[in-house]
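Novice: One structure, pasted below without further comment.
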There are 4 protein chains.
Amino acid sequence: MAGNSFGQIFRVTTFGESHGDGVGVVIDGCPSKIPLASENFVYHMQRRRPGRGAMDTPRHEMDRVEILSGVFEGLTTGVPITLFIRNHDVKSRPYEILREVFRPGHADYTYFKKYGHFDFRGGGRYSARETAARVAAGVVAGKILEPLGVKVRAYTIELGGIRAESMDLDFVEKNPLYCPDPIATERMKGVLAKAKEDADSLGGIVEVRVTGCPAGLGEPVFDKLDADLAKAVMSVGAVKGVEIGAGFEAARLKGSENNDPITPDGFQRNRAGGILGGISNGDEIILRAAVKPVPSIGWEQDTVDREGRPAKLKLTGRFDISAVPRIVPVLEAMVRIVLADHYLRSGTMK
Amino acid sequence: MAGNSFGQIFRVTTFGESHGDGVGVVIDGCPSKIPLASENFVYHMQRRRPGRGAMDTPRHEMDRVEILSGVFEGLTTGVPITLFIRNHDVKSRPYEILREVFRPGHADYTYFKKYGHFDFRGGGRYSARETAARVAAGVVAGKILEPLGVKVRAYTIELGGIRAESMDLDFVEKNPLYCPDPIATERMKGVLAKAKEDADSLGGIVEVRVTGCPAGLGEPVFDKLDADLAKAVMSVGAVKGVEIGAGFEAARLKGSENNDPITPDGFQRNRAGGILGGISNGDEIILRAAVKPVPSIGWEQDTVDREGRPAKLKLTGRFDISAVPRIVPVLEAMVRIVLADHYLRSGTMK
Amino acid sequence: MAGNSFGQIFRVTTFGESHGDGVGVVIDGCPSKIPLASENFVYHMQRRRPGRGAMDTPRHEMDRVEILSGVFEGLTTGVPITLFIRNHDVKSRPYEILREVFRPGHADYTYFKKYGHFDFRGGGRYSARETAARVAAGVVAGKILEPLGVKVRAYTIELGGIRAESMDLDFVEKNPLYCPDPIATERMKGVLAKAKEDADSLGGIVEVRVTGCPAGLGEPVFDKLDADLAKAVMSVGAVKGVEIGAGFEAARLKGSENNDPITPDGFQRNRAGGILGGISNGDEIILRAAVKPVPSIGWEQDTVDREGRPAKLKLTGRFDISAVPRIVPVLEAMVRIVLADHYLRSGTMK
Amino acid sequence: MAGNSFGQIFRVTTFGESHGDGVGVVIDGCPSKIPLASENFVYHMQRRRPGRGAMDTPRHEMDRVEILSGVFEGLTTGVPITLFIRNHDVKSRPYEILREVFRPGHADYTYFKKYGHFDFRGGGRYSARETAARVAAGVVAGKILEPLGVKVRAYTIELGGIRAESMDLDFVEKNPLYCPDPIATERMKGVLAKAKEDADSLGGIVEVRVTGCPAGLGEPVFDKLDADLAKAVMSVGAVKGVEIGAGFEAARLKGSENNDPITPDGFQRNRAGGILGGISNGDEIILRAAVKPVPSIGWEQDTVDREGRPAKLKLTGRFDISAVPRIVPVLEAMVRIVLADHYLRSGTMK
């Protein structure tokens, strides 16, 4: 109710702050007898870890996932799975300024307006740190999807205005930007280096593709599969837009161009992005998310203090130049969570 | 759970099919003592009514809202408000073909895959007819927002590739396309006429603006205000994309361009679209939705029948050329519902 | 959220007041392809109808259930099923006194305190009339349970202090008190006649038995099957107590007496009432509900008016002498709703 | 959805097993700015601790509550509060037998039927250990109720057939049985000693009283305050019955005896137990719960193994003779949780 849970049957509730004991997630509704171990999280936690490349913050975290409940002798038991990721390296000194003034583009201002009292250290609850819990939950969701043959892949298709032109999914894992285009990757590195020099930051676009999704997932009217995907994706802090299939381009197409003709072998094209009337049609699900530039920049910015008086703020320290690469595994996780939930929901209507 | 409810405290559940007895909505969680009468719905129901202009289907509906429960002596009582809109003029003969073959771009195929059995007449449950119930619910949501000074306005900013260049909100109500630009309106009418001639259809973009929204609405993490808005908007059948504030354009901005500086008098600009960290910041809320072209067109299209055999389908009858104008009041309604719900939620955390 | 919905997957939302247009229910989450027709409701609606016997109010209602949505060509479609039962014979004149003073034992006082404004005619939303919608929903739940062989039977085991001593389930349907003991039935009629003479009312105890329930229904911790049954039963207005299996008697047994030994053929006895740790064990589920005497009596009673001033109230008109028989089909319905919901939930964890 | 959450606005989700890392709870929806510290839990955790008296298991636990999230500088922040209580002294050797055979009266059998795979050590998820998390959550709920003047007190009114005849609430905290009657306490100790000698166990009845509860808490129809209390109480493992106010006795009263006359100074008596039509009336709320005898006894019992073959089971080790005293603080906690939730809900309807 207070917004920290997602999903109806596969229900995740995240908790924790960036500078408290740690972040974690309780997953209620995961079926029993699924193999799950601490090791299963290493790869995915590593992917969203800062400090992978030159464009990330140098704060190195050891994001080890502890399984606090719900697994017995290596198998899930059907009761709540609790995953916990301790915080390390949390010197809160540099954040004391945030007790006084609000950082433009961050949620300091709105949390103050909403709660009066909040843990402002490093973004506290609204820190990107919270997404570590989502990635961990996504691993569990993935365990439900895996036997169905559902595969979720996300990658950077645009960063700082540079667009990927070619699509090599193998290359995605080989570069710290998770970009499928080697040439674009180099150009992206260039604009990142330039932005760093300018003490500025960059946004971009992440695309997610789901293969192997059976037809029939999604509910009518409000809990459409694309509606829940849109919510899941938009709930990631830096995302400002989401589109499915042809997306905003569909607004400029004609019906004759946008309808996907159906054949005995499937759809002739995929403008729909794999979803019709809110329900998966068996084709590839495709969505894109617009990621805004990181609001923490090295410029002096105009702001106000808690009493509303004008103030200047110049942040120092270590910031990501772009959130895009780190959001790639987070969006994969969110899409897996939505699909696992809708897969379990779909079983109740037959 | 099966997807036909929306909202946590102000909770709407729609029901009904396009060719059954009617469509309706139960609203649970509306506060008591709010004046509400059947007349309050007339203006908004009229706005989404087909048959307003040359671009709409000539099927004329009398969308009178009956209040079946929850109002006593002109005031809401705090118990469920049930609104019902009877269907008229529902000759289902032309729809018999849908028993055999699936219309490309519609949900016939996915409903068949999901349910095996469904009311296919005129789209049944996934008909745009369902949105009449949303508009009715939006009127009640509006009654909650009105005393707060919150105003929600939607309009067509693009149709068939024609973009509105000027913004005259008074003009919006004076043209059947709900477009704020008189010159663009004429050009949109031109492309609509051309599309009609071609038996084709057009998409477009709707923008929604909310003024007077207090800071502090929205919840952290998953039930962010923008996440719930994205879900609400994407849950409208024809919508394929949604963006908040600068939206996809933010992906190409630098942090220094995208951060909205804060002053004692408010924000210096509004790239954020009125929402920071998922919580309203007191500024204007701005979002845009991409609407795909209506899938019902007069062309012969490739499809399959229920046994998966190839088939040709040529629809005859009366169709909207574009769903855009009719979606304008629906999006207004959905945004009102989200805001009323989050307003009531916000009261529980203080 | 505002309390008018029940169930997680098979989710019923009732609406309506006793002297408005009617009462109804939206059921979301009912699987598709279940045969359902208006005739299926006649028997059960008839059972809870007042006016069956001398002990009931002479107000005769035609409780015909209209199916407003969710059924196509005789089968459920998986989308919301809306059932509506119009009110007839609703002269609200005798209720005008309730605008002034509160009836002791009724919810007039608390609704006034909670809502300030409420439909007080004949109890409005808190009238027993609302249970007609529950009985209708119970019929749909029964359609889910039927193919599983689950049978729910309720009957009067005590009324006005008279206890049924023998158990003839066939006899239950042959007497207006739904009592399984012919001799006790006659004695119950006697105390009812006496109470009527005294312008007083009587309470009693209803027992519900479920046969054929598979093991494994119910969730751990909070949504235990017995916890949800307790809530469902206690949510019926006149119920003041509920017990499962040995119930309050278990408080006086020793562990050696209360544990049900397990054999290859099942449990040797059934003190548990068919539920262990909140999950059905495959044995018969047994529960009992204590029903208070109807608060509407012909005596002059002390009360206050809306300004808190002392007042005397002497109700005139037609009242049930005991709510017990009418609650029998309502409790059957509630138990069916709980079981259908938990049956559908159980499918999601495997 | 899978049953491990309770409450709508003040929403608690417990997790953990008796022989895993620990048990805990995430509380979402607690308002901000409430003082909360680890010390606040000591008194209540101590009260439910086993090993207080001769009648309890000698396993001594250090039930220290760690606050993992949601509190900053001593105040709640409005985001999820996570409380964790580590397990100590968890030698799982004696439980290996449970891999083979089911303990009569425990949930081993039903968990096996439901999940196939479960953590059976010491009851795992269905161990009374889980209630430690509830007691911790109850402390937070109490912090919301405290400023309102709402006080919740539970005590033992019956144990092993011995009934408390006098009511000294001060004495409750002075004896390990939480009994309000010094003479009955001595007799209860006697029957407990006898049961221990017999390797048997005893049940009893706990009463809960709430003073200072404002009128108007509770929702109509399904989420009645008494319905939610019944669910909360019945969700505690050993509880087999619950009654409000006159409860089962009301079934034997006449309307003239059971109605509580209203005066300008309140109700003349309290048969209703402080709740009318599911909504608190401002009077004292009174409920009672029937607690079954602990199923773990020293007798040889008939049971079956996982293959359904007959088996004999004789438990050895340390068991409580009666769960009653330990349930006293658990029921207090559950009632506090229900009241805090309904208090926060009530604010949304005005």
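By order of appearance in the structure tokens: chains A, B, ..., then residues from 1 within every chain, and ligands from 1 in the order shown.
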Report as CSV the residues of chain D within 8 Å of chain A, each with its shortest atom pair and distance in Å (one decimal), using only C-alpha atoms, ordered by chain and increasing residue number.
Specialist:
```
residue,atom,partner,partner_atom,distance
D:Met1,CA,A:Ile9,CA,5.4
D:Ala2,CA,A:Gly29,CA,4.7
D:Gly3,CA,A:Asp28,CA,7.9
D:Asn4,CA,A:Asp28,CA,7.0
D:Gln8,CA,A:Met1,CA,6.5
D:Ile9,CA,A:Met1,CA,5.4
D:Phe10,CA,A:Met1,CA,7.9
D:Arg11,CA,A:Met1,CA,7.3
D:Thr14,CA,A:Pro80,CA,7.9
D:Phe15,CA,A:Pro80,CA,5.5
D:Gly16,CA,A:Ser69,CA,4.8
D:Glu17,CA,A:Ser69,CA,6.7
D:Gly20,CA,A:Ser69,CA,6.6
D:Asp21,CA,A:Leu68,CA,5.8
D:Gly22,CA,A:Leu68,CA,7.2
D:Val23,CA,A:Ser69,CA,8.0
D:Val26,CA,A:Phe15,CA,7.6
D:Asp28,CA,A:Ala2,CA,5.8
D:Gly29,CA,A:Ala2,CA,4.8
D:Ser32,CA,A:Tyr115,CA,6.0
D:Lys33,CA,A:His117,CA,6.1
D:Leu68,CA,A:Asp21,CA,5.8
D:Ser69,CA,A:Gly16,CA,4.8
D:Gly70,CA,A:Gly16,CA,6.8
D:Val71,CA,A:Asp119,CA,7.9
D:Phe72,CA,A:Asp119,CA,5.6
D:Leu75,CA,A:His117,CA,7.7
D:Thr76,CA,A:His117,CA,7.9
D:Thr77,CA,A:Phe118,CA,5.0
D:Gly78,CA,A:Tyr115,CA,6.6
D:Val79,CA,A:Arg125,CA,7.4
D:Pro80,CA,A:Phe15,CA,5.5
D:Ile81,CA,A:Phe15,CA,7.4
D:Thr82,CA,A:Phe15,CA,7.1
D:Tyr115,CA,A:Ser32,CA,6.0
D:Gly116,CA,A:Lys33,CA,7.7
D:His117,CA,A:Thr77,CA,5.7
D:Phe118,CA,A:Thr77,CA,5.0
D:Asp119,CA,A:Phe72,CA,5.6
D:Arg125,CA,A:Val79,CA,7.4
```
Novice: Give the helix (DSSP H, G or I) residues of segment 27-202 of chain C, as assigned by DSSP on the backbone, as a VMD selection string.
Specialist: chain C and resid 38 to 48 93 to 99 108 to 115 121 to 126 128 to 148 169 to 172 182 to 197
Novice: Do you know which residues are at most 9 Å from segment 132-148 of chain C counting only C-alpha atoms, after dropping those on the same chain fewer than 2 positions away, and could you put them as a PyMOL selection string?
Specialist: chain C and resi 10+12+14-16+23-27+30-31+34-36+40-41+44-45+48-49+63+65+83-85+128-130+150-152+212-214+329-341+343
Novice: Report as an MDAnalysis selection string: the residues of segment 91-184 of chain C with a DSSP assignment of strand (DSSP E), based on the backbone of this structure.
Specialist: chainID C and resid 151:159 162:163
Novice: Show which residues sit within 12 Å of Met188 of chain B, as a PyMOL selection string. Count only C-alpha atoms, and ignore same-chain residues fewer than 6 positions away.
Specialist: chain B and resi 54-55+156-164+175-182+194-195+202-204+321-322+324-325
Novice: Excluding segment 224-230 of chain D and residues on its chain fewer than 3 positions from it, collect all residues at most 7 Å away from it, counting only C-alpha atoms, and give them as a ChimeraX atom specification.
Specialist: /C:230-231,234-235 /D:217-221,233-234,242,275,278-279,335,338
Novice: Residues of the last selection are to be written out with N, CA, C and O atoms, as a compact mmCIF listing (two decimals), in the first residue's frame.
Specialist:
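The file below, out_5.txt, is the result:
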```txt
# COMPACT_ATOMS: atom_id res chain seq x y z
N ALA C 230 -12.91 -17.68 9.23
CA ALA C 230 -13.36 -16.91 10.40
C ALA C 230 -13.75 -15.50 9.97
O ALA C 230 -14.79 -14.97 10.39
N LYS C 231 -12.94 -14.90 9.13
CA LYS C 231 -13.25 -13.55 8.66
C LYS C 231 -14.54 -13.56 7.84
O LYS C 231 -15.42 -12.71 8.03
N MET C 234 -17.48 -14.10 10.21
CA MET C 234 -17.69 -12.95 11.11
C MET C 234 -18.12 -11.71 10.34
O MET C 234 -18.68 -10.78 10.93
N SER C 235 -17.89 -11.69 9.06
CA SER C 235 -18.30 -10.53 8.27
C SER C 235 -19.81 -10.52 8.01
O SER C 235 -20.33 -9.54 7.46
N LEU D 217 -13.98 3.03 13.69
CA LEU D 217 -12.98 2.18 13.04
C LEU D 217 -13.66 0.91 12.52
O LEU D 217 -14.50 0.32 13.18
N GLY D 218 -13.24 0.47 11.37
CA GLY D 218 -13.85 -0.69 10.72
C GLY D 218 -14.50 -0.26 9.43
O GLY D 218 -14.87 0.90 9.27
N GLU D 219 -14.61 -1.20 8.50
CA GLU D 219 -15.21 -0.90 7.21
C GLU D 219 -16.48 -1.73 7.06
O GLU D 219 -16.65 -2.74 7.72
N PRO D 220 -17.35 -1.33 6.18
CA PRO D 220 -18.59 -2.10 6.02
C PRO D 220 -18.35 -3.46 5.36
O PRO D 220 -17.30 -3.69 4.77
N VAL D 221 -19.32 -4.32 5.50
CA VAL D 221 -19.44 -5.56 4.74
C VAL D 221 -18.32 -6.56 5.05
O VAL D 221 -18.45 -7.35 5.99
N VAL D 233 -6.86 -13.13 14.85
CA VAL D 233 -6.75 -14.02 16.01
C VAL D 233 -6.67 -15.47 15.55
O VAL D 233 -5.86 -16.26 16.02
N MET D 234 -7.51 -15.82 14.58
CA MET D 234 -7.54 -17.21 14.10
C MET D 234 -6.27 -17.55 13.32
O MET D 234 -5.94 -18.73 13.15
N VAL D 242 -13.02 -17.93 18.11
CA VAL D 242 -12.93 -16.52 18.51
C VAL D 242 -14.35 -15.99 18.69
O VAL D 242 -15.25 -16.38 17.94
N ILE D 275 -18.41 -3.28 19.17
CA ILE D 275 -18.47 -3.22 17.70
C ILE D 275 -19.91 -3.43 17.24
O ILE D 275 -20.56 -4.40 17.62
N GLY D 278 -19.85 -3.98 12.47
CA GLY D 278 -18.47 -4.08 12.03
C GLY D 278 -17.63 -2.84 12.29
O GLY D 278 -16.46 -2.79 11.93
N ILE D 279 -18.23 -1.86 12.97
CA ILE D 279 -17.54 -0.59 13.21
C ILE D 279 -17.51 -0.33 14.71
O ILE D 279 -18.51 -0.53 15.40
N VAL D 335 -4.04 -7.72 17.73
CA VAL D 335 -5.12 -6.74 17.88
C VAL D 335 -4.58 -5.33 17.63
O VAL D 335 -5.24 -4.50 16.98
N VAL D 338 -4.30 -4.86 13.84
CA VAL D 338 -5.61 -4.62 13.22
C VAL D 338 -6.08 -3.19 13.49
O VAL D 338 -6.56 -2.50 12.58
```
Novice: Point out the residue among B:Phe102, B:Tyr155, B:Phe267, B:Phe222 with the least atom-to-atom distance to Leu313 of chain B, counting only C-alpha atoms.
Specialist: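 Under the stated criterion, the closest residue is B:Phe102.
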Novice: Excluding Ala154 of chain C and residues on its chain fewer than 4 positions from it, collect all residues at most 7 Å away from it, counting only C-alpha atoms, and give them as a ChimeraX atom specification.
Specialist: /C:206-209,328-329,332
Novice: Write the residues of the preceding selection, restricted to all heavy atoms, as an mmCIF file, in the first residue's frame.
Specialist:
```
data_model
loop_
_atom_site.group_PDB
_atom_site.id
_atom_site.type_symbol
_atom_site.label_atom_id
_atom_site.label_comp_id
_atom_site.auth_asym_id
_atom_site.auth_seq_id
_atom_site.Cartn_x
_atom_site.Cartn_y
_atom_site.Cartn_z
ATOM 1 N N VAL C 206 -25.278 -21.803 13.920
ATOM 2 C CA VAL C 206 -25.298 -22.482 12.623
ATOM 3 C C VAL C 206 -24.007 -23.273 12.480
ATOM 4 O O VAL C 206 -22.934 -22.789 12.844
ATOM 5 C CB VAL C 206 -25.430 -21.456 11.475
ATOM 6 C CG1 VAL C 206 -25.300 -22.129 10.109
ATOM 7 C CG2 VAL C 206 -26.749 -20.706 11.575
ATOM 8 N N GLU C 207 -24.138 -24.486 11.976
ATOM 9 C CA GLU C 207 -22.951 -25.302 11.722
ATOM 10 C C GLU C 207 -22.793 -25.478 10.212
ATOM 11 O O GLU C 207 -23.782 -25.601 9.495
ATOM 12 C CB GLU C 207 -23.084 -26.672 12.399
ATOM 13 C CG GLU C 207 -21.827 -27.533 12.324
ATOM 14 C CD GLU C 207 -21.905 -28.758 13.248
ATOM 15 O OE1 GLU C 207 -22.498 -29.785 12.836
ATOM 16 O OE2 GLU C 207 -21.392 -28.677 14.383
ATOM 17 N N VAL C 208 -21.523 -25.480 9.756
ATOM 18 C CA VAL C 208 -21.249 -25.690 8.336
ATOM 19 C C VAL C 208 -20.283 -26.860 8.199
ATOM 20 O O VAL C 208 -19.300 -26.947 8.946
ATOM 21 C CB VAL C 208 -20.608 -24.434 7.678
ATOM 22 C CG1 VAL C 208 -20.557 -24.578 6.161
ATOM 23 C CG2 VAL C 208 -21.351 -23.162 8.058
ATOM 24 N N ARG C 209 -20.585 -27.744 7.274
ATOM 25 C CA ARG C 209 -19.694 -28.882 7.011
ATOM 26 C C ARG C 209 -19.317 -28.910 5.537
ATOM 27 O O ARG C 209 -20.161 -28.730 4.672
ATOM 28 C CB ARG C 209 -20.391 -30.203 7.334
ATOM 29 C CG ARG C 209 -20.363 -30.539 8.798
ATOM 30 C CD ARG C 209 -21.203 -31.759 9.105
ATOM 31 N NE ARG C 209 -21.296 -31.883 10.548
ATOM 32 C CZ ARG C 209 -20.535 -32.712 11.275
ATOM 33 N NH1 ARG C 209 -19.670 -33.519 10.675
ATOM 34 N NH2 ARG C 209 -20.635 -32.731 12.582
ATOM 35 N N VAL C 328 -28.266 -19.320 7.283
ATOM 36 C CA VAL C 328 -27.779 -20.629 6.829
ATOM 37 C C VAL C 328 -27.276 -20.576 5.382
ATOM 38 O O VAL C 328 -26.110 -20.918 5.113
ATOM 39 C CB VAL C 328 -28.869 -21.709 7.034
ATOM 40 C CG1 VAL C 328 -28.584 -22.962 6.221
ATOM 41 C CG2 VAL C 328 -28.984 -22.042 8.525
ATOM 42 N N PRO C 329 -28.077 -20.131 4.414
ATOM 43 C CA PRO C 329 -27.548 -20.079 3.043
ATOM 44 C C PRO C 329 -26.448 -19.035 2.858
ATOM 45 O O PRO C 329 -25.595 -19.193 1.974
ATOM 46 C CB PRO C 329 -28.770 -19.746 2.184
ATOM 47 C CG PRO C 329 -29.815 -19.266 3.133
ATOM 48 C CD PRO C 329 -29.517 -19.838 4.473
ATOM 49 N N GLU C 332 -23.242 -20.732 3.968
ATOM 50 C CA GLU C 332 -22.850 -21.666 2.901
ATOM 51 C C GLU C 332 -22.155 -20.905 1.775
ATOM 52 O O GLU C 332 -21.115 -21.332 1.275
ATOM 53 C CB GLU C 332 -24.092 -22.364 2.319
ATOM 54 C CG GLU C 332 -24.543 -23.579 3.080
ATOM 55 C CD GLU C 332 -25.684 -24.320 2.373
ATOM 56 O OE1 GLU C 332 -25.992 -23.960 1.216
ATOM 57 O OE2 GLU C 332 -26.259 -25.222 2.976
#
```
Novice: With only C-alpha atoms as the atoms that count, which of C:Arg306, C:Ile327, C:Lys196, C:Thr211 lies nearest to Gly274 of chain C?
Specialist: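 The answer is C:Thr211, which sits nearest to Gly274 of chain C.
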Novice: Rank nothing, just name the residue among D:Ile244, D:Val42, D:Ala289, D:Ile297 nearest to Asn258 of chain C, using only C-alpha atoms.
Specialist: D:Ile297
Novice: So which residues touch Leu276 of chain C within 7 Å, counting only C-alpha atoms, skipping near sequence neighbours fewer than 6 positions away, as a PyMOL selection string?
Specialist: chain D and resi 105-107+110
Novice: Write a file of the selected residues as a PDB file, in the first residue's frame, keeping C-alpha atoms.
Specialist:
```pdb
ATOM      1  CA  GLY D 105      -1.909 -32.135  15.523  1.00  0.00           C
ATOM      2  CA  HIS D 106       0.918 -30.292  13.750  1.00  0.00           C
ATOM      3  CA  ALA D 107       1.046 -28.933  10.221  1.00  0.00           C
ATOM      4  CA  THR D 110      -0.589 -30.453   5.451  1.00  0.00           C
TER       5      THR D 110
END
```
